[in-house]
Structures are given as C-alpha cells and as structure tokens.
Amino acid sequence: MIIDKNNKLFPHSAKTMTPFSYPLKDQNVEICPRRHKQAKHLNMRFDPLSHKVILTLPPRATQKQAVDFLKKAEGWIEKKLSNKVEVIPFKEKSIITILGKQLTIIHQRNFICRTVEIEGDNLVVYGPKDRLSDMVTVFLKRYAQRKFTEICEGYAEQIGQDINKITIREQKSRWGSCSLQRNISLNCRLLFAPYEVASYVCAHETAHLKEMNHSRAFWKIVGTLSPAYKESIKWLKDNSQELFKYGE
C-alpha cells in the first residue's frame with residue numbers, strides 16, 4: 001500500500017497496523033506503524049539495516065496527525081536513509097570491534113572441542129566452519145554478560161547498592177533499563193561501542209538503583225561513575241546505527 005501525503009488513506013487498528021510505503025522524493029520509504037497504549041506522543045525510529053521507519057502512535061492518534069508528523073520528519077528520514085550501514089557478517093576474515101578493540105575472526109577446525117577465544121587481535125573460532133556464525137553470536141552474548149556484569153557490579157559497589165539480576169538482551173530501541181526490583185537489562189549491541197560508551201550505559205542504569213528518576217541527584221551519580229557521560233550520550237546519538245551492522 002502506498003499512502004498519498006494528501007489523502008486520508010491510513011491503516012488503522014487498535015492492535016495491528018499494516019506497513020505502508022511513504023513517497024519521499026524519488027523513492028518510497030516503508031513505514032511500520034504501531035499503536036502503543038502508553039505512548040503520549042507520536043515518535044519514530046529508523047532501522048538502519050532494513051531501512052524501515054518504525055512509527056509509534058498513541059491510542060487515539062489520527063491518520064492526519066500521523067501524516068503531518070511524517071511530513072515534518074522528511075528531512076530526518078532523508079538523513080537516515082543517506083547514512084547506509086554496511087552489514088558485516090560473522091564469517092572468517094571479518095573484522096569486528098568489541099569495546100573499542102578490533103578483532104579479526106579466524107576459523108580453526110577442531111574435532112575435539114568447540115569454543116571461541118580472543119587471542120591477541122583475533123577472535124578464533126574452533127569448530128565446524130558451518131557453525132562459525134552461530135558460535136560467534138553465542139560467544140558475544142556470553143562475553144557481554146560477563147563484561148557488563150563486571151562493570152555494573154563495580155559501579156554498584158561504589159555507590160553502596162546491590163543488583164538483583166543483570167540480563168543481556170538484543171534490542172533495537174533501548175540501550176538499558178533498571179526495574180524497581182533492582183534488575184538491570186542491557187542491550188548486547190553495546191558490546192560494539194567504545195568501552196567508555198558502554199560503561200556509561202552501565203553507569204546510567206546502575207545509578208537508577210539509588211535514584212529511580214532523572215533528577216539532578218541522579219545525574220550527579222552518573223557523573224561520578226562516568227565523568228565523560230555527556231560525550232558518551234552524544235556518541236550514541238550520532239553513531240548508534242553503527243552498532244547494528246554486525247551479524248547476519
């Protein structure tokens with residue numbers, strides 16, 4: 001379905017909404033609308049790999065409001081489309097960056113054990129070659145769990161707080177969260193960010209153990225744990241799509 005910016009055609013449903021094409025200059029951009037019962041305003045995010053725009057609408061938002069919102073955001077959409085991300089699959093000789101360190105994926109066939117190890121500047125995969133991508137994916141999630149747990153627990157100790165549980169998830173719209181139950185969730189994609197940036201997100205969520213808000217007191221804690229946090233916030237804003245280019 002192609003939506004004309006000037007007509008009244010718009011997929012509408014309380015639960016599900018049909019993706020549609022939005023004409024923008026000489027191309028059609030796929031818009032994936034969704035309604036969220038807790039959304040207060042229209043907002044959108046760009047998926048750099050699929051080149052789709054995820055449009056979130058409040059329950060009572062109208063078709064006209066959505067189209068007007070897209071019209072105003074055309075410059076933003078064009079900018080996102082121009083910054084194409086080259087996908088880097090997990091295969092032999094691929095170079096990936098983990099917490100600021102470049103590693104070359106190397107395959108070593110091994111009939112006895114299957115493991116993945118960081119050896120110098122290489123990420124060595126021991127096992128069948130047809131399982132290389134899956135083995136790297138599993139390794140990276142476990143590595144993220146270990147590294148981020150280490151960082152968060154260190155920060156929690158500094159501010160005299162305890163963490164209940166740390167979970168690593170694959171997410172596209174959130175870098176982390178901290179619940180009232182003192183559970184911290186972190187995006188595994190942070191593993192591809194510079195160490196200081198990933199550490200800032202860990203500091204941000206750990207600070208919520210003490211201040212479950214974004215008050216001055218909260219940011220003071222963040223500043224104590226991650227003094228250059230403003231630079232990290234800017235880096236994420238400018239480069240976040242780069243974190244989604246790794247893997248198939």
# chains A, B, ... in the order shown; residues from 1 in each chain; ligands from 1
call {"tool": "select_by_dssp", "arguments": {"residues": "range 17-119 of chain A", "states": "helix (DSSP H, G or I)", "output": "ChimeraX atom specification"}}
result
/A:63-72,74-82
call {"tool": "write_last_selection", "arguments": {"atoms": "C-alpha atoms", "output": "compact mmCIF listing (two decimals), in the first residue's frame"}}
result
# COMPACT_ATOMS: atom_id res chain seq x y z
CA GLN A 63 -4.39 9.40 10.35
CA LYS A 64 -3.98 13.14 9.70
CA GLN A 65 -1.71 13.54 12.75
CA ALA A 66 0.44 10.65 11.55
CA VAL A 67 0.80 12.00 8.01
CA ASP A 68 1.55 15.52 9.29
CA PHE A 69 4.18 14.03 11.60
CA LEU A 70 5.82 12.21 8.68
CA LYS A 71 5.80 15.37 6.56
CA LYS A 72 7.65 17.31 9.26
CA GLU A 74 11.03 14.11 5.98
CA GLY A 75 14.41 15.80 6.42
CA TRP A 76 15.24 13.47 9.32
CA ILE A 77 14.20 10.42 7.29
CA GLU A 78 16.30 11.51 4.30
CA LYS A 79 19.33 11.94 6.52
CA LYS A 80 18.88 8.46 7.99
CA LEU A 81 18.48 6.92 4.54
CA SER A 82 21.68 8.58 3.32
call {"tool": "residues_around", "arguments": {"residues": "range 218-224 of chain A", "least_positions_apart": "3", "cutoff": "12 Å", "atoms": "only C-alpha atoms", "output": "NGL selection string"}}
result
:A and (155-156 or 158-160 or 199-215 or 227-233)
call {"tool": "write_last_selection", "arguments": {"atoms": "C-alpha atoms", "output": "compact mmCIF listing (two decimals), in the first residue's frame"}}
result
# COMPACT_ATOMS: atom_id res chain seq x y z
CA TYR A 155 29.68 0.75 39.95
CA ALA A 156 27.08 -0.64 42.37
CA GLN A 158 30.96 2.42 44.55
CA ILE A 159 27.50 3.79 45.38
CA GLY A 160 26.70 1.22 48.06
CA SER A 199 30.44 1.83 30.55
CA TYR A 200 28.33 4.99 30.59
CA VAL A 201 25.15 2.99 29.91
CA CYS A 202 26.14 0.61 32.72
CA ALA A 203 26.66 3.63 34.99
CA HIS A 204 23.32 5.11 33.94
CA GLU A 205 21.35 2.01 34.80
CA THR A 206 23.30 1.34 38.00
CA ALA A 207 22.63 4.90 39.18
CA HIS A 208 18.92 4.11 38.99
CA LEU A 209 19.40 1.71 41.88
CA LYS A 210 19.75 4.78 44.04
CA GLU A 211 17.68 7.33 42.09
CA MET A 212 14.80 5.88 40.06
CA ASN A 213 14.43 9.11 38.07
CA HIS A 214 16.45 11.58 36.01
CA SER A 215 16.81 14.26 38.64
CA PRO A 227 32.73 11.69 34.19
CA ALA A 228 32.59 11.93 30.37
CA TYR A 229 28.97 10.79 30.18
CA LYS A 230 27.88 13.76 28.03
CA GLU A 231 30.35 12.74 25.32
CA SER A 232 29.04 9.18 25.50
CA ILE A 233 25.44 10.34 25.12
call {"tool": "closest_atom_pairs", "arguments": {"of": "range 116-219 of chain A", "to": "range 102-107 of chain A", "cutoff": "10 Å", "atoms": "only C-alpha atoms", "output": "Markdown table"}}
result
| residue | atom | partner | partner_atom | distance |
| --- | --- | --- | --- | --- |
| A:Val116 | CA | A:His107 | CA | 9.3 |
| A:Glu117 | CA | A:Ile106 | CA | 10.0 |
| A:Ile118 | CA | A:Leu103 | CA | 8.1 |
| A:Glu119 | CA | A:Leu103 | CA | 9.0 |
| A:Gly120 | CA | A:Leu103 | CA | 8.2 |
| A:Asp121 | CA | A:Leu103 | CA | 5.0 |
| A:Asn122 | CA | A:Thr104 | CA | 4.7 |
| A:Leu123 | CA | A:Ile105 | CA | 4.7 |
| A:Val124 | CA | A:Ile106 | CA | 4.7 |
| A:Val125 | CA | A:His107 | CA | 4.9 |
| A:Tyr126 | CA | A:His107 | CA | 6.2 |
| A:Gly127 | CA | A:His107 | CA | 7.7 |
| A:Pro128 | CA | A:His107 | CA | 8.5 |
| A:Lys129 | CA | A:His107 | CA | 6.9 |
| A:Leu132 | CA | A:His107 | CA | 7.5 |
| A:Ser133 | CA | A:Ile105 | CA | 10.0 |
| A:Val136 | CA | A:Ile105 | CA | 8.8 |
| A:Phe192 | CA | A:Gln102 | CA | 9.7 |
call {"tool": "write_last_selection", "arguments": {"atoms": "N, CA and C atoms", "output": "short mmCIF file (atom, residue, chain, number, x, y, z; two decimals), in the first residue's frame"}}
result
data_model
loop_
_atom_site.label_atom_id
_atom_site.label_comp_id
_atom_site.auth_asym_id
_atom_site.auth_seq_id
_atom_site.Cartn_x
_atom_site.Cartn_y
_atom_site.Cartn_z
N VAL A 116 35.23 -20.55 21.35
CA VAL A 116 35.64 -19.28 20.72
C VAL A 116 36.50 -18.54 21.73
N GLU A 117 37.65 -18.07 21.30
CA GLU A 117 38.59 -17.41 22.21
C GLU A 117 39.13 -16.13 21.57
N ILE A 118 39.36 -15.12 22.41
CA ILE A 118 40.07 -13.92 21.96
C ILE A 118 41.55 -14.17 22.16
N GLU A 119 42.28 -14.20 21.07
CA GLU A 119 43.72 -14.46 21.11
C GLU A 119 44.44 -13.31 20.41
N GLY A 120 44.98 -12.39 21.20
CA GLY A 120 45.64 -11.22 20.63
C GLY A 120 44.63 -10.35 19.91
N ASP A 121 44.86 -10.13 18.61
CA ASP A 121 43.95 -9.32 17.81
C ASP A 121 42.98 -10.18 17.00
N ASN A 122 42.85 -11.44 17.39
CA ASN A 122 41.98 -12.35 16.66
C ASN A 122 40.86 -12.90 17.55
N LEU A 123 39.73 -13.19 16.92
CA LEU A 123 38.66 -13.92 17.58
C LEU A 123 38.66 -15.29 16.90
N VAL A 124 39.22 -16.27 17.59
CA VAL A 124 39.45 -17.58 16.99
C VAL A 124 38.29 -18.51 17.30
N VAL A 125 37.74 -19.08 16.24
CA VAL A 125 36.60 -19.99 16.37
C VAL A 125 37.10 -21.41 16.11
N TYR A 126 37.05 -22.24 17.13
CA TYR A 126 37.44 -23.65 17.00
C TYR A 126 36.18 -24.49 16.85
N GLY A 127 36.00 -25.13 15.70
CA GLY A 127 34.81 -25.93 15.47
C GLY A 127 34.47 -25.98 14.00
N PRO A 128 33.34 -26.59 13.64
CA PRO A 128 32.94 -26.70 12.23
C PRO A 128 32.67 -25.33 11.62
N LYS A 129 33.12 -25.15 10.40
CA LYS A 129 33.01 -23.84 9.75
C LYS A 129 31.56 -23.43 9.52
N LEU A 132 30.21 -21.41 12.37
CA LEU A 132 31.01 -20.27 12.81
C LEU A 132 30.15 -19.09 13.26
N SER A 133 29.20 -18.68 12.45
CA SER A 133 28.38 -17.51 12.78
C SER A 133 27.61 -17.72 14.08
N VAL A 136 30.00 -17.56 17.10
CA VAL A 136 30.40 -16.19 17.42
C VAL A 136 29.27 -15.46 18.14
N PHE A 192 29.58 -3.51 20.86
CA PHE A 192 30.27 -2.99 19.68
C PHE A 192 30.57 -1.49 19.79
#
call {"tool": "residues_around", "arguments": {"residues": "Val87 in chain A", "least_positions_apart": "3", "cutoff": "9 Å", "atoms": "only C-alpha atoms", "output": "list in words"}}
result
Leu49, Phe244, Lys245, Tyr246, Gly247 and Glu248 of chain A
call {"tool": "decode", "arguments": {"residues": "range 24-56 of chain A", "atoms": "N, CA and C atoms", "output": "PDB file, in the first residue's frame"}}
result
ATOM      1  N   LEU A  24       8.773   9.662  -0.856  1.00  0.00           N
ATOM      2  CA  LEU A  24       9.741  10.677  -0.430  1.00  0.00           C
ATOM      3  C   LEU A  24      10.703  10.925  -1.582  1.00  0.00           C
ATOM      4  N   LYS A  25      10.504  12.055  -2.268  1.00  0.00           N
ATOM      5  CA  LYS A  25      11.303  12.416  -3.449  1.00  0.00           C
ATOM      6  C   LYS A  25      11.209  11.297  -4.488  1.00  0.00           C
ATOM      7  N   ASP A  26      12.333  10.630  -4.802  1.00  0.00           N
ATOM      8  CA  ASP A  26      12.310   9.644  -5.876  1.00  0.00           C
ATOM      9  C   ASP A  26      12.247   8.215  -5.349  1.00  0.00           C
ATOM     10  N   GLN A  27      11.808   8.029  -4.118  1.00  0.00           N
ATOM     11  CA  GLN A  27      11.732   6.680  -3.570  1.00  0.00           C
ATOM     12  C   GLN A  27      10.542   6.552  -2.624  1.00  0.00           C
ATOM     13  N   ASN A  28      10.196   5.324  -2.307  1.00  0.00           N
ATOM     14  CA  ASN A  28       9.151   5.034  -1.333  1.00  0.00           C
ATOM     15  C   ASN A  28       9.788   4.427  -0.099  1.00  0.00           C
ATOM     16  N   VAL A  29       9.479   4.979   1.050  1.00  0.00           N
ATOM     17  CA  VAL A  29      10.037   4.516   2.316  1.00  0.00           C
ATOM     18  C   VAL A  29       8.997   3.657   3.026  1.00  0.00           C
ATOM     19  N   GLU A  30       9.406   2.494   3.484  1.00  0.00           N
ATOM     20  CA  GLU A  30       8.462   1.630   4.201  1.00  0.00           C
ATOM     21  C   GLU A  30       8.282   2.123   5.631  1.00  0.00           C
ATOM     22  N   ILE A  31       7.040   2.367   5.994  1.00  0.00           N
ATOM     23  CA  ILE A  31       6.684   2.809   7.339  1.00  0.00           C
ATOM     24  C   ILE A  31       5.970   1.656   8.049  1.00  0.00           C
ATOM     25  N   CYS A  32       6.443   1.333   9.227  1.00  0.00           N
ATOM     26  CA  CYS A  32       5.825   0.265  10.018  1.00  0.00           C
ATOM     27  C   CYS A  32       5.150   0.896  11.236  1.00  0.00           C
ATOM     28  N   PRO A  33       3.842   1.176  11.118  1.00  0.00           N
ATOM     29  CA  PRO A  33       3.145   1.846  12.220  1.00  0.00           C
ATOM     30  C   PRO A  33       2.718   0.859  13.308  1.00  0.00           C
ATOM     31  N   ARG A  34       2.633   1.356  14.504  1.00  0.00           N
ATOM     32  CA  ARG A  34       2.133   0.545  15.617  1.00  0.00           C
ATOM     33  C   ARG A  34       1.530   1.483  16.650  1.00  0.00           C
ATOM     34  N   ARG A  35       0.507   1.016  17.308  1.00  0.00           N
ATOM     35  CA  ARG A  35      -0.094   1.794  18.384  1.00  0.00           C
ATOM     36  C   ARG A  35       0.384   1.237  19.717  1.00  0.00           C
ATOM     37  N   HIS A  36       0.684   2.144  20.633  1.00  0.00           N
ATOM     38  CA  HIS A  36       1.144   1.733  21.958  1.00  0.00           C
ATOM     39  C   HIS A  36       0.281   2.434  23.004  1.00  0.00           C
ATOM     40  N   LYS A  37      -0.304   1.656  23.872  1.00  0.00           N
ATOM     41  CA  LYS A  37      -1.255   2.217  24.830  1.00  0.00           C
ATOM     42  C   LYS A  37      -0.625   3.209  25.806  1.00  0.00           C
ATOM     43  N   GLN A  38       0.687   3.135  25.982  1.00  0.00           N
ATOM     44  CA  GLN A  38       1.344   4.050  26.914  1.00  0.00           C
ATOM     45  C   GLN A  38       1.982   5.255  26.224  1.00  0.00           C
ATOM     46  N   ALA A  39       1.947   5.261  24.902  1.00  0.00           N
ATOM     47  CA  ALA A  39       2.548   6.382  24.156  1.00  0.00           C
ATOM     48  C   ALA A  39       1.690   7.637  24.315  1.00  0.00           C
ATOM     49  N   LYS A  40       2.346   8.758  24.603  1.00  0.00           N
ATOM     50  CA  LYS A  40       1.648  10.032  24.746  1.00  0.00           C
ATOM     51  C   LYS A  40       1.818  10.920  23.511  1.00  0.00           C
ATOM     52  N   HIS A  41       2.871  10.649  22.747  1.00  0.00           N
ATOM     53  CA  HIS A  41       3.146  11.448  21.559  1.00  0.00           C
ATOM     54  C   HIS A  41       3.563  10.529  20.417  1.00  0.00           C
ATOM     55  N   LEU A  42       3.457  11.003  19.199  1.00  0.00           N
ATOM     56  CA  LEU A  42       3.970  10.248  18.061  1.00  0.00           C
ATOM     57  C   LEU A  42       5.489  10.307  18.091  1.00  0.00           C
ATOM     58  N   ASN A  43       6.128   9.208  17.787  1.00  0.00           N
ATOM     59  CA  ASN A  43       7.579   9.195  17.682  1.00  0.00           C
ATOM     60  C   ASN A  43       7.985   8.122  16.689  1.00  0.00           C
ATOM     61  N   MET A  44       9.224   8.184  16.260  1.00  0.00           N
ATOM     62  CA  MET A  44       9.687   7.199  15.295  1.00  0.00           C
ATOM     63  C   MET A  44      11.161   6.878  15.517  1.00  0.00           C
ATOM     64  N   ARG A  45      11.537   5.738  15.008  1.00  0.00           N
ATOM     65  CA  ARG A  45      12.945   5.361  14.989  1.00  0.00           C
ATOM     66  C   ARG A  45      13.234   4.711  13.650  1.00  0.00           C
ATOM     67  N   PHE A  46      14.495   4.719  13.274  1.00  0.00           N
ATOM     68  CA  PHE A  46      14.900   4.203  11.970  1.00  0.00           C
ATOM     69  C   PHE A  46      15.695   2.924  12.153  1.00  0.00           C
ATOM     70  N   ASP A  47      15.288   1.871  11.437  1.00  0.00           N
ATOM     71  CA  ASP A  47      16.035   0.614  11.450  1.00  0.00           C
ATOM     72  C   ASP A  47      17.090   0.698  10.352  1.00  0.00           C
ATOM     73  N   PRO A  48      18.380   0.856  10.713  1.00  0.00           N
ATOM     74  CA  PRO A  48      19.420   1.096   9.705  1.00  0.00           C
ATOM     75  C   PRO A  48      19.701  -0.092   8.799  1.00  0.00           C
ATOM     76  N   LEU A  49      19.324  -1.290   9.211  1.00  0.00           N
ATOM     77  CA  LEU A  49      19.589  -2.466   8.390  1.00  0.00           C
ATOM     78  C   LEU A  49      18.478  -2.724   7.380  1.00  0.00           C
ATOM     79  N   SER A  50      17.236  -2.617   7.810  1.00  0.00           N
ATOM     80  CA  SER A  50      16.117  -2.849   6.896  1.00  0.00           C
ATOM     81  C   SER A  50      15.684  -1.584   6.181  1.00  0.00           C
ATOM     82  N   HIS A  51      16.182  -0.425   6.637  1.00  0.00           N
ATOM     83  CA  HIS A  51      15.812   0.881   6.085  1.00  0.00           C
ATOM     84  C   HIS A  51      14.309   1.132   6.211  1.00  0.00           C
ATOM     85  N   LYS A  52      13.754   0.687   7.321  1.00  0.00           N
ATOM     86  CA  LYS A  52      12.335   0.928   7.607  1.00  0.00           C
ATOM     87  C   LYS A  52      12.209   1.936   8.743  1.00  0.00           C
ATOM     88  N   VAL A  53      11.111   2.692   8.717  1.00  0.00           N
ATOM     89  CA  VAL A  53      10.815   3.630   9.784  1.00  0.00           C
ATOM     90  C   VAL A  53       9.748   3.015  10.679  1.00  0.00           C
ATOM     91  N   ILE A  54      10.035   2.901  11.962  1.00  0.00           N
ATOM     92  CA  ILE A  54       9.073   2.380  12.931  1.00  0.00           C
ATOM     93  C   ILE A  54       8.347   3.571  13.537  1.00  0.00           C
ATOM     94  N   LEU A  55       7.065   3.690  13.236  1.00  0.00           N
ATOM     95  CA  LEU A  55       6.263   4.828  13.682  1.00  0.00           C
ATOM     96  C   LEU A  55       5.349   4.381  14.827  1.00  0.00           C
ATOM     97  N   THR A  56       5.524   4.991  16.000  1.00  0.00           N
ATOM     98  CA  THR A  56       4.705   4.658  17.162  1.00  0.00           C
ATOM     99  C   THR A  56       3.667   5.745  17.399  1.00  0.00           C
TER     100      THR A  56
END
